[in-house]
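Novice: I am sharing run.cif, which consists of mmCIF, C-alpha atoms:
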```
data_query
loop_
_atom_site.label_atom_id
_atom_site.label_comp_id
_atom_site.auth_asym_id
_atom_site.auth_seq_id
_atom_site.Cartn_x
_atom_site.Cartn_y
_atom_site.Cartn_z
CA MET T 100 9.30 31.76 14.00
CA ILE T 101 7.15 31.41 10.88
CA ARG T 102 9.29 28.43 9.93
CA GLY T 103 8.12 26.69 13.08
CA LEU T 104 4.51 26.98 11.89
CA TYR T 105 5.36 25.30 8.58
CA THR T 106 7.26 22.53 10.36
CA ALA T 107 4.33 21.81 12.69
CA VAL T 108 1.83 21.86 9.81
CA SER T 109 3.91 19.38 7.81
CA GLY T 110 3.87 17.07 10.83
CA MET T 111 0.09 17.37 11.15
CA THR T 112 -0.41 16.66 7.43
CA THR T 113 1.78 13.57 7.63
CA GLU T 114 -0.01 12.22 10.70
CA MET T 115 -3.37 12.84 9.03
CA MET T 116 -2.31 10.70 6.07
CA GLN T 117 -0.99 7.98 8.40
CA ASN T 118 -4.31 7.99 10.24
CA ASN T 119 -6.28 7.70 6.97
CA VAL T 120 -4.12 4.77 5.81
CA SER T 121 -4.56 2.94 9.12
CA ALA T 122 -8.32 3.57 9.03
CA ASN T 123 -8.50 2.09 5.51
CA ASN T 124 -6.49 -0.93 6.65
CA LEU T 125 -8.87 -1.47 9.56
CA ALA T 126 -11.88 -1.15 7.25
CA ASN T 127 -10.47 -4.04 5.19
CA VAL T 128 -9.49 -6.30 8.08
CA ASP T 129 -12.10 -8.86 6.91
CA THR T 130 -11.52 -8.41 3.15
CA VAL T 131 -10.29 -11.61 1.52
CA GLY T 132 -6.72 -11.31 0.24
CA TYR T 133 -6.34 -7.65 1.23
CA LYS T 134 -2.77 -6.35 1.60
CA LYS T 135 -2.16 -3.54 4.06
CA ASP T 136 -0.59 -0.20 3.14
CA ILE T 137 2.24 1.47 5.04
CA THR T 138 3.22 5.14 4.78
CA ILE T 139 6.84 5.96 4.02
CA ASN T 140 7.92 9.30 5.52
CA ARG T 141 10.94 11.41 4.73
CA SER T 142 12.23 14.74 5.98
CA PHE T 143 12.52 17.90 3.97
CA SER T 144 16.01 19.15 3.18
CA GLU T 145 17.94 20.38 6.22
CA MET T 146 19.16 23.97 6.39
CA LEU T 147 22.60 25.14 7.51
CA ILE T 148 22.43 27.64 10.38
CA HIS T 149 24.94 30.48 10.90
CA ARG T 150 25.12 33.19 13.55
CA ILE T 151 24.12 36.28 11.59
CA ASN T 152 25.20 38.95 14.09
CA ASP T 153 28.83 37.82 14.39
CA SER T 154 31.38 39.57 12.24
CA ALA T 155 32.46 37.62 9.18
CA TYR T 156 35.91 36.17 9.02
CA GLU T 157 38.09 34.80 6.28
CA GLN T 158 39.15 31.19 6.27
CA LYS T 159 42.82 30.51 5.99
CA ASN T 160 43.93 30.50 2.33
CA SER T 161 40.37 31.27 1.25
CA PRO T 162 38.93 34.57 0.00
CA ILE T 163 35.38 33.57 1.04
CA SER T 164 33.99 35.27 4.16
CA GLN T 165 31.77 33.08 6.33
CA LYS T 166 29.71 33.55 9.45
CA PRO T 167 30.31 31.11 12.34
CA TYR T 168 28.55 27.80 11.61
CA ILE T 169 26.08 26.51 14.23
CA GLY T 170 24.60 23.33 12.76
CA LYS T 171 21.64 21.99 10.81
CA LEU T 172 17.94 22.73 11.17
CA GLY T 173 15.20 20.30 10.17
CA THR T 174 12.38 21.80 8.13
CA GLY T 175 9.62 19.26 8.57
CA VAL T 176 8.46 15.88 7.34
CA GLN T 177 6.27 14.57 4.56
CA ALA T 178 4.62 11.27 3.62
CA SER T 179 6.53 10.57 0.42
CA SER T 180 4.85 7.33 -0.69
CA LEU T 181 2.71 4.32 0.17
CA TYR T 182 4.19 0.86 0.44
CA THR T 183 2.00 -2.23 0.14
CA SER T 184 3.02 -5.17 2.31
CA PHE T 185 2.53 -8.48 0.49
CA GLU T 186 3.09 -10.54 3.62
CA GLN T 187 0.81 -13.56 3.46
CA GLY T 188 -2.34 -13.60 5.54
CA SER T 189 -3.61 -16.65 7.37
CA LEU T 190 -5.50 -19.32 5.41
CA LYS T 191 -9.06 -20.03 6.52
CA GLU T 192 -10.80 -23.26 5.58
CA THR T 193 -14.22 -22.91 3.93
CA ASP T 194 -14.69 -26.37 2.33
CA HIS T 195 -16.19 -24.66 -0.73
CA PRO T 196 -14.62 -26.29 -3.83
CA LEU T 197 -14.26 -22.99 -5.72
CA ASP T 198 -12.64 -21.12 -2.83
CA LEU T 199 -8.90 -21.04 -3.56
CA ALA T 200 -5.89 -19.60 -1.77
CA VAL T 201 -2.32 -19.06 -2.90
CA ASP T 202 0.06 -20.54 -0.36
CA GLY T 203 3.31 -18.67 -1.02
CA ASN T 204 4.15 -15.92 -3.48
CA GLY T 205 1.92 -15.46 -6.49
CA PHE T 206 -1.34 -14.10 -7.85
CA PHE T 207 -4.41 -15.34 -9.67
CA VAL T 208 -4.77 -13.64 -13.06
CA ILE T 209 -8.17 -12.32 -14.12
CA SER T 210 -9.46 -10.09 -16.89
CA PRO T 211 -12.72 -8.18 -17.47
CA ASN T 212 -12.24 -8.45 -21.25
CA PRO T 213 -10.20 -11.57 -22.06
CA ASP T 214 -11.33 -11.60 -25.71
CA ALA T 215 -10.10 -8.06 -26.44
CA PRO T 216 -6.99 -7.68 -28.69
CA GLU T 217 -5.04 -6.17 -25.80
CA ALA T 218 -6.77 -7.80 -22.87
CA GLU T 219 -6.05 -6.25 -19.46
CA ARG T 220 -4.41 -8.58 -16.97
CA TYR T 221 -5.23 -7.97 -13.33
CA TYR T 222 -3.79 -9.76 -10.32
CA THR T 223 -5.50 -10.76 -7.10
CA ARG T 224 -5.07 -12.88 -3.97
CA ASP T 225 -8.85 -13.12 -3.54
CA GLY T 226 -9.73 -16.64 -4.64
CA ALA T 227 -13.46 -16.61 -3.87
CA PHE T 228 -14.51 -17.80 -7.33
CA LYS T 229 -17.82 -18.91 -8.83
CA ILE T 230 -19.23 -20.24 -12.10
CA ASN T 231 -21.37 -17.74 -14.03
CA ASP T 232 -24.42 -18.50 -16.18
CA GLU T 233 -22.22 -19.27 -19.20
CA GLY T 234 -20.03 -21.72 -17.30
CA PHE T 235 -16.99 -19.44 -17.03
CA LEU T 236 -14.97 -19.41 -13.82
CA CYS T 237 -15.24 -15.83 -12.48
CA ASP T 238 -14.46 -13.76 -9.43
CA LYS T 239 -17.24 -12.21 -7.36
CA ARG T 240 -17.16 -9.06 -9.52
CA GLY T 241 -17.76 -11.04 -12.72
CA ASN T 242 -14.21 -10.81 -14.09
CA LYS T 243 -13.14 -14.02 -15.80
CA VAL T 244 -10.38 -16.09 -14.24
CA LEU T 245 -7.65 -16.85 -16.75
CA GLY T 246 -6.05 -20.20 -17.35
CA VAL T 247 -2.77 -20.94 -19.09
CA ASP T 248 -4.75 -21.53 -22.33
CA GLY T 249 -7.33 -18.78 -21.92
CA VAL T 250 -10.59 -18.60 -19.99
CA ILE T 251 -11.73 -21.59 -17.94
CA VAL T 252 -15.11 -23.26 -18.57
CA ILE T 253 -16.48 -25.70 -16.00
CA PRO T 254 -19.64 -27.67 -16.90
CA GLN T 255 -22.44 -26.44 -14.67
CA ASP T 256 -23.83 -29.95 -14.24
CA SER T 257 -20.53 -31.35 -12.93
CA GLN T 258 -20.86 -33.01 -9.54
CA GLU T 259 -17.27 -32.69 -8.32
CA THR T 260 -14.58 -30.11 -9.04
CA VAL T 261 -11.04 -30.92 -7.96
CA ILE T 262 -8.18 -28.42 -8.20
CA SER T 263 -4.62 -29.64 -7.68
CA THR T 264 -1.85 -27.75 -5.91
CA ASN T 265 -0.40 -26.63 -9.27
CA GLY T 266 -3.77 -25.27 -10.44
CA GLU T 267 -5.00 -28.08 -12.69
CA ILE T 268 -8.81 -28.28 -12.69
CA PHE T 269 -10.78 -31.53 -13.06
CA ALA T 270 -14.58 -31.66 -13.37
CA ASP T 271 -15.94 -35.15 -12.62
CA GLY T 272 -12.45 -36.48 -13.33
CA ALA T 273 -12.10 -34.74 -16.72
CA TYR T 274 -9.37 -32.17 -17.19
CA VAL T 275 -10.83 -28.75 -18.07
CA GLY T 276 -7.85 -26.41 -17.73
CA GLN T 277 -5.11 -25.02 -15.51
CA LEU T 278 -5.18 -21.77 -13.57
CA ASP T 279 -2.82 -19.05 -14.75
CA VAL T 280 -1.07 -18.28 -11.45
CA VAL T 281 2.03 -16.10 -11.69
CA ASP T 282 4.46 -14.21 -9.51
CA VAL T 283 5.62 -10.65 -10.19
CA GLY T 284 9.34 -10.21 -9.70
CA ASN T 285 9.12 -6.72 -8.21
CA THR T 286 5.89 -6.17 -6.29
CA ASP T 287 6.83 -2.50 -5.76
CA GLN T 288 5.76 -2.00 -9.37
CA LEU T 289 2.21 -3.14 -8.69
CA GLU T 290 -0.56 -0.68 -7.93
CA LYS T 291 -3.98 -1.19 -6.38
CA ILE T 292 -7.02 -0.38 -8.52
CA GLY T 293 -9.73 -1.32 -6.03
CA ASP T 294 -11.85 -4.41 -5.33
CA GLY T 295 -8.74 -6.38 -4.33
CA LEU T 296 -7.21 -6.06 -7.81
CA LEU T 297 -3.71 -4.99 -8.77
CA ARG T 298 -1.98 -4.21 -12.04
CA ILE T 299 1.51 -3.36 -13.20
CA LYS T 300 2.07 0.41 -13.28
CA ASN T 301 2.02 2.00 -16.72
CA ASP T 302 5.69 3.02 -16.66
CA ALA T 303 6.95 -0.09 -14.85
CA GLN T 304 9.11 -2.81 -16.35
CA ALA T 305 7.98 -5.59 -14.02
CA GLN T 306 7.83 -9.08 -15.51
CA GLU T 307 5.67 -12.05 -14.63
CA THR T 308 7.69 -14.97 -13.29
CA MET T 309 6.95 -18.63 -12.68
CA PHE T 310 4.67 -19.43 -9.76
CA SER T 311 6.49 -21.44 -7.09
CA GLY T 312 3.82 -21.82 -4.39
CA ASN T 313 0.80 -24.08 -3.98
CA ILE T 314 -2.93 -23.73 -4.59
CA ARG T 315 -5.09 -24.69 -1.63
CA GLN T 316 -8.62 -25.74 -2.56
CA GLY T 317 -11.35 -25.02 -0.01
CA PHE T 318 -9.38 -22.19 1.63
CA LEU T 319 -9.37 -18.40 1.45
CA GLU T 320 -6.55 -16.07 2.44
CA ALA T 321 -7.46 -13.58 5.14
CA SER T 322 -6.30 -9.97 5.16
CA ASN T 323 -2.77 -9.45 6.49
CA VAL T 324 -3.94 -6.49 8.58
CA LYS T 325 -3.31 -6.80 12.33
CA SER T 326 -6.12 -4.80 13.92
CA ILE T 327 -4.33 -4.12 17.23
CA GLU T 328 -1.24 -2.88 15.39
CA GLU T 329 -3.29 -0.50 13.26
CA MET T 330 -5.19 0.81 16.29
CA VAL T 331 -1.89 1.56 18.05
CA LYS T 332 -0.71 3.42 14.93
CA MET T 333 -3.90 5.49 14.93
CA ILE T 334 -3.52 6.40 18.61
CA THR T 335 0.14 7.33 18.07
CA SER T 336 -0.79 9.48 15.06
CA LEU T 337 -3.50 11.23 17.06
CA ARG T 338 -1.10 12.02 19.91
CA SER T 339 1.50 13.35 17.48
CA TYR T 340 -1.17 15.43 15.71
CA GLU T 341 -2.25 16.96 19.02
CA ALA T 342 1.40 17.74 19.93
CA ASN T 343 1.83 19.61 16.65
CA GLN T 344 -1.38 21.53 17.35
CA LYS T 345 0.09 22.72 20.64
CA VAL T 346 3.27 23.78 18.85
CA ILE T 347 1.18 25.93 16.50
CA GLN T 348 -0.69 27.46 19.44
CA ALA T 349 2.62 28.30 21.17
CA GLN T 350 4.00 29.81 17.96
CA ASP T 351 0.84 31.85 17.50
CA GLU T 352 1.04 33.23 21.05
CA THR T 353 4.69 34.14 20.55
CA LEU T 354 3.91 35.93 17.28
CA GLU T 355 1.08 37.82 18.95
CA LYS T 356 3.43 39.08 21.65
CA ALA T 357 6.06 40.00 19.08
CA VAL T 358 3.55 42.08 17.14
CA ASN T 359 1.67 43.67 20.03
CA GLU T 360 4.21 43.98 22.84
CA VAL T 361 7.85 43.74 21.75
CA GLY T 362 7.68 46.71 19.42
CA ARG T 363 5.65 48.89 21.86
CA LEU T 364 7.37 52.07 23.01
CA GLY T 365 7.21 52.90 26.71
#
```
Before anything else, please render the file you have as structure tokens.
Specialist:
Amino acid sequence: MIRGLYTAVSGMTTEMMQNNVSANNLANVDTVGYKKDITINRSFSEMLIHRINDSAYEQKNSPISQKPYIGKLGTGVQASSLYTSFEQGSLKETDHPLDLAVDGNGFFVISPNPDAPEAERYYTRDGAFKINDEGFLCDKRGNKVLGVDGVIVIPQDSQETVISTNGEIFADGAYVGQLDVVDVGNTDQLEKIGDGLLRIKNDAQAQETMFSGNIRQGFLEASNVKSIEEMVKMITSLRSYEANQKVIQAQDETLEKAVNEVGRLG
């Protein structure tokens, strides 16, 4: 009976996490380059059930006594991990020359401290770039966009900036650098750190691989969140949460009767 309470609570906890993940996805439905999260659930270990009031018997050619076997009993569910879907979002045209989108697999590489001895390398699909006061190509948070030969400097007085599909940048016809756009062989080893940025996990062995897609100038990649799908998930989670609440109420009423009525002497 008590086990039923734990099973229902584990279901409520899991649905609460699913609801929070869907709410966060919906909050980022208009965030450039955002990749939605999906909860991965798994069950707790199943228990073997035996009839305890039947007399034990010995198996043939075995000295071990066993009660009659009934079957297995589930003991609840838990949200074991979060999976990030890197499915590409739709590309939206902006006509701004420094708005870039990756068409295919791959990430722009940026760094908040590119001159440090062990510079951090972050990855993003958000290509809404700008030129800062020093002429460096940066993201909207001020992190510098990396090129294959280091940071990228674009003359502020340039009249026309053209970026080819392989990431080469020309300012007024003069070559100024090439974007460092890479793919990561195993995206499961990437983790989100906020502001649309990702990095390779500390204990991961993921390797950067050659970029095989195209750069689209004057476009931005929209979030891959489908709002209707996430709303349906939230409604389903709410209904499941309410069902588990009713299970707890039924278990509580049964326990109350067991304590106050079953053991009462006439």
Novice: Can you list every residue of region 168-221 of chain T that has an atom at most 8 Å from region 275-295 of chain T, with its nearest atom pair and the distance in Å to one decimal, using all atoms listed in the file, ordered by chain then number, as a tab-separated table?
Specialist:
```
residue	atom	partner	partner_atom	distance
T:Tyr182	CA	T:Asp287	CA	7.5
T:Thr183	CA	T:Asp287	CA	7.6
T:Phe185	CA	T:Thr286	CA	7.9
T:Asn204	CA	T:Asp282	CA	6.3
T:Gly205	CA	T:Asp282	CA	4.1
T:Phe206	CA	T:Val281	CA	5.5
T:Phe207	CA	T:Val280	CA	4.8
T:Val208	CA	T:Asp279	CA	6.0
```
Novice: The PyMOL selection byres ((chain T and resi 121) around 10) - which residues does that actually catch in the file I just gave you? List them as a ChimeraX atom specification.
Specialist: /T:115-120,122-127,135-138,324,326,328-333,336
Novice: With all atoms listed in the file as the atoms that count, which of T:Asn242, T:Ser144, T:Asn359, T:Gln350 lies nearest to Glu219 (chain T)?
Specialist: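 Of T:Asn242, T:Ser144, T:Asn359, T:Gln350, the one nearest Glu219 (chain T), counting all atoms listed in the file, is T:Asn242.
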Novice: Pick out the residues sitting within 9 Å of Arg141 (chain T), and hand them over as a ChimeraX atom specification; count only C-alpha atoms, and ignore anything fewer than 4 positions along from it in its own chain.
Specialist: /T:175-179
Novice: Evaluate the PyMOL selection byres ((chain T and resi 104-112) around 6) and record the selected residues as a list in words, following the chain and residue labels used in the document.
Specialist: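 Output from the PyMOL selection byres ((chain T and resi 104-112) around 6), applied to this file: Ile101, Arg102, Gly103, Thr113, Glu114, Met115, Thr174, Gly175, Val176, Tyr340, Asn343 and Ile347 of chain T.
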Novice: Rank T:Thr130, T:Met146, T:Asp232, T:Gly317 by their smallest atom-to-atom distance to Lys171 (chain T), using all atoms listed in the file, and report the top residue only.
Specialist: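 So, comparing all the options, the nearest one is T:Met146.
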Novice: Applying the PyMOL selection byres ((chain T and resi 196) around 7) to the file I just gave you, which residues come out? Please list them as a tab-separated table (two decimals) with C-alpha atoms, in the frame of the given file.
Specialist:
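Output (out-v5.tsv):
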```
chain	number	residue	atom	x	y	z
T	194	ASP	CA	-14.69	-26.37	2.33
T	195	HIS	CA	-16.19	-24.66	-0.73
T	197	LEU	CA	-14.26	-22.99	-5.72
T	198	ASP	CA	-12.64	-21.12	-2.83
T	260	THR	CA	-14.58	-30.11	-9.04
T	316	GLN	CA	-8.62	-25.74	-2.56
T	317	GLY	CA	-11.35	-25.02	-0.01
```
Novice: Just the number, please: distance in Å from CA of Phe235 (chain T) to CA of Ile253 (chain T), one decimal.
Specialist: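 These atoms are spaced 6.4 Å apart.
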Novice: Taking into account only C-alpha atoms, which residue in the set T:Asp202, T:Phe143, T:Lys191, T:Pro254 is nearest to Gly173 (chain T)?
Specialist: T:Phe143
Novice: Could you check how far CA of Val346 (chain T) sits from CA of Ser180 (chain T), in Å to one decimal?
Specialist: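 Rounded to one decimal, the two atoms are 25.6 Å apart.
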Novice: One number please: CA of Phe318 (chain T) to CA of Glu192 (chain T), in Å, one decimal.
Specialist: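 We find that CA of Phe318 (chain T) and CA of Glu192 (chain T) lie 4.3 Å from each other.
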Novice: Using only C-alpha atoms, find the one residue out of T:Ile230, T:Val201, T:Leu245, T:Ala270 that sits nearest to Asp214 (chain T).
Specialist: T:Leu245
Novice: From (-2.7, -13.3, -2.1), in the file's coordinates, out to 10 Å: which residues are reached, counting all atoms listed in the file? Answer as a PyMOL selection string.
Specialist: chain T and resi 131-134+185-188+200-207+222-226+295+319-323
Novice: Could you tell me which of T:Leu296, T:Gly170, T:Ser210, T:Val128 comes closest to Glu145 (chain T) if we count only C-alpha atoms?
Specialist: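 Smallest distance to Glu145 (chain T) is found for T:Gly170.
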Novice: For region 218-232 of chain T, what centre and edge lengths in Å (one decimal) does the axis-aligned box get once 8 Å is added on each side of all its listed atoms, as JSON?
Specialist:
```
{"center_x": -14.1, "center_y": -13.2, "center_z": -13.2, "size_x": 36.6, "size_y": 30.0, "size_z": 35.3}
```
Novice: Provide region 221-245 of chain T rebuilt to N, CA and C atoms, formatted as a compact mmCIF listing (two decimals), in the frame of the given file.
Specialist:
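That gives us part.txt:
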```
# COMPACT_ATOMS: atom_id res chain seq x y z
N TYR T 221 -5.22 -8.42 -14.71
CA TYR T 221 -5.23 -7.97 -13.33
C TYR T 221 -4.79 -9.12 -12.43
N TYR T 222 -4.29 -8.76 -11.26
CA TYR T 222 -3.79 -9.76 -10.32
C TYR T 222 -4.56 -9.64 -9.00
N THR T 223 -4.78 -10.77 -8.37
CA THR T 223 -5.50 -10.76 -7.10
C THR T 223 -5.09 -11.94 -6.24
N ARG T 224 -5.25 -11.76 -4.92
CA ARG T 224 -5.07 -12.88 -3.97
C ARG T 224 -6.43 -13.36 -3.47
N ASP T 225 -7.49 -12.74 -3.94
CA ASP T 225 -8.85 -13.12 -3.54
C ASP T 225 -9.31 -14.26 -4.43
N GLY T 226 -9.36 -15.46 -3.87
CA GLY T 226 -9.73 -16.64 -4.64
C GLY T 226 -11.15 -17.12 -4.42
N ALA T 227 -12.05 -16.22 -4.04
CA ALA T 227 -13.46 -16.61 -3.87
C ALA T 227 -14.13 -16.60 -5.24
N PHE T 228 -14.03 -17.72 -5.95
CA PHE T 228 -14.51 -17.80 -7.33
C PHE T 228 -15.88 -18.45 -7.40
N LYS T 229 -16.50 -18.33 -8.59
CA LYS T 229 -17.82 -18.91 -8.83
C LYS T 229 -17.93 -19.21 -10.32
N ILE T 230 -18.96 -19.95 -10.69
CA ILE T 230 -19.23 -20.24 -12.10
C ILE T 230 -20.43 -19.40 -12.53
N ASN T 231 -20.26 -18.60 -13.60
CA ASN T 231 -21.37 -17.74 -14.03
C ASN T 231 -22.35 -18.53 -14.91
N ASP T 232 -23.35 -17.83 -15.42
CA ASP T 232 -24.42 -18.50 -16.18
C ASP T 232 -23.92 -19.15 -17.46
N GLU T 233 -22.77 -18.70 -17.96
CA GLU T 233 -22.22 -19.27 -19.20
C GLU T 233 -21.21 -20.37 -18.93
N GLY T 234 -20.96 -20.66 -17.65
CA GLY T 234 -20.03 -21.72 -17.30
C GLY T 234 -18.59 -21.26 -17.11
N PHE T 235 -18.35 -19.95 -17.22
CA PHE T 235 -16.99 -19.44 -17.03
C PHE T 235 -16.67 -19.30 -15.54
N LEU T 236 -15.43 -19.62 -15.18
CA LEU T 236 -14.97 -19.41 -13.82
C LEU T 236 -14.67 -17.92 -13.65
N CYS T 237 -15.34 -17.28 -12.67
CA CYS T 237 -15.24 -15.83 -12.48
C CYS T 237 -14.99 -15.49 -11.02
N ASP T 238 -14.53 -14.24 -10.80
CA ASP T 238 -14.46 -13.76 -9.43
C ASP T 238 -15.82 -13.18 -9.05
N LYS T 239 -15.94 -12.68 -7.83
CA LYS T 239 -17.24 -12.21 -7.36
C LYS T 239 -17.70 -10.93 -8.05
N ARG T 240 -16.79 -10.27 -8.78
CA ARG T 240 -17.16 -9.06 -9.52
C ARG T 240 -17.53 -9.37 -10.97
N GLY T 241 -17.41 -10.64 -11.37
CA GLY T 241 -17.76 -11.04 -12.72
C GLY T 241 -16.59 -11.07 -13.69
N ASN T 242 -15.39 -10.71 -13.24
CA ASN T 242 -14.21 -10.81 -14.09
C ASN T 242 -13.86 -12.28 -14.30
N LYS T 243 -13.44 -12.63 -15.50
CA LYS T 243 -13.14 -14.02 -15.80
C LYS T 243 -11.74 -14.40 -15.31
N VAL T 244 -11.66 -15.56 -14.71
CA VAL T 244 -10.38 -16.09 -14.24
C VAL T 244 -9.66 -16.71 -15.43
N LEU T 245 -8.40 -16.36 -15.59
CA LEU T 245 -7.65 -16.85 -16.75
C LEU T 245 -6.91 -18.14 -16.43
```
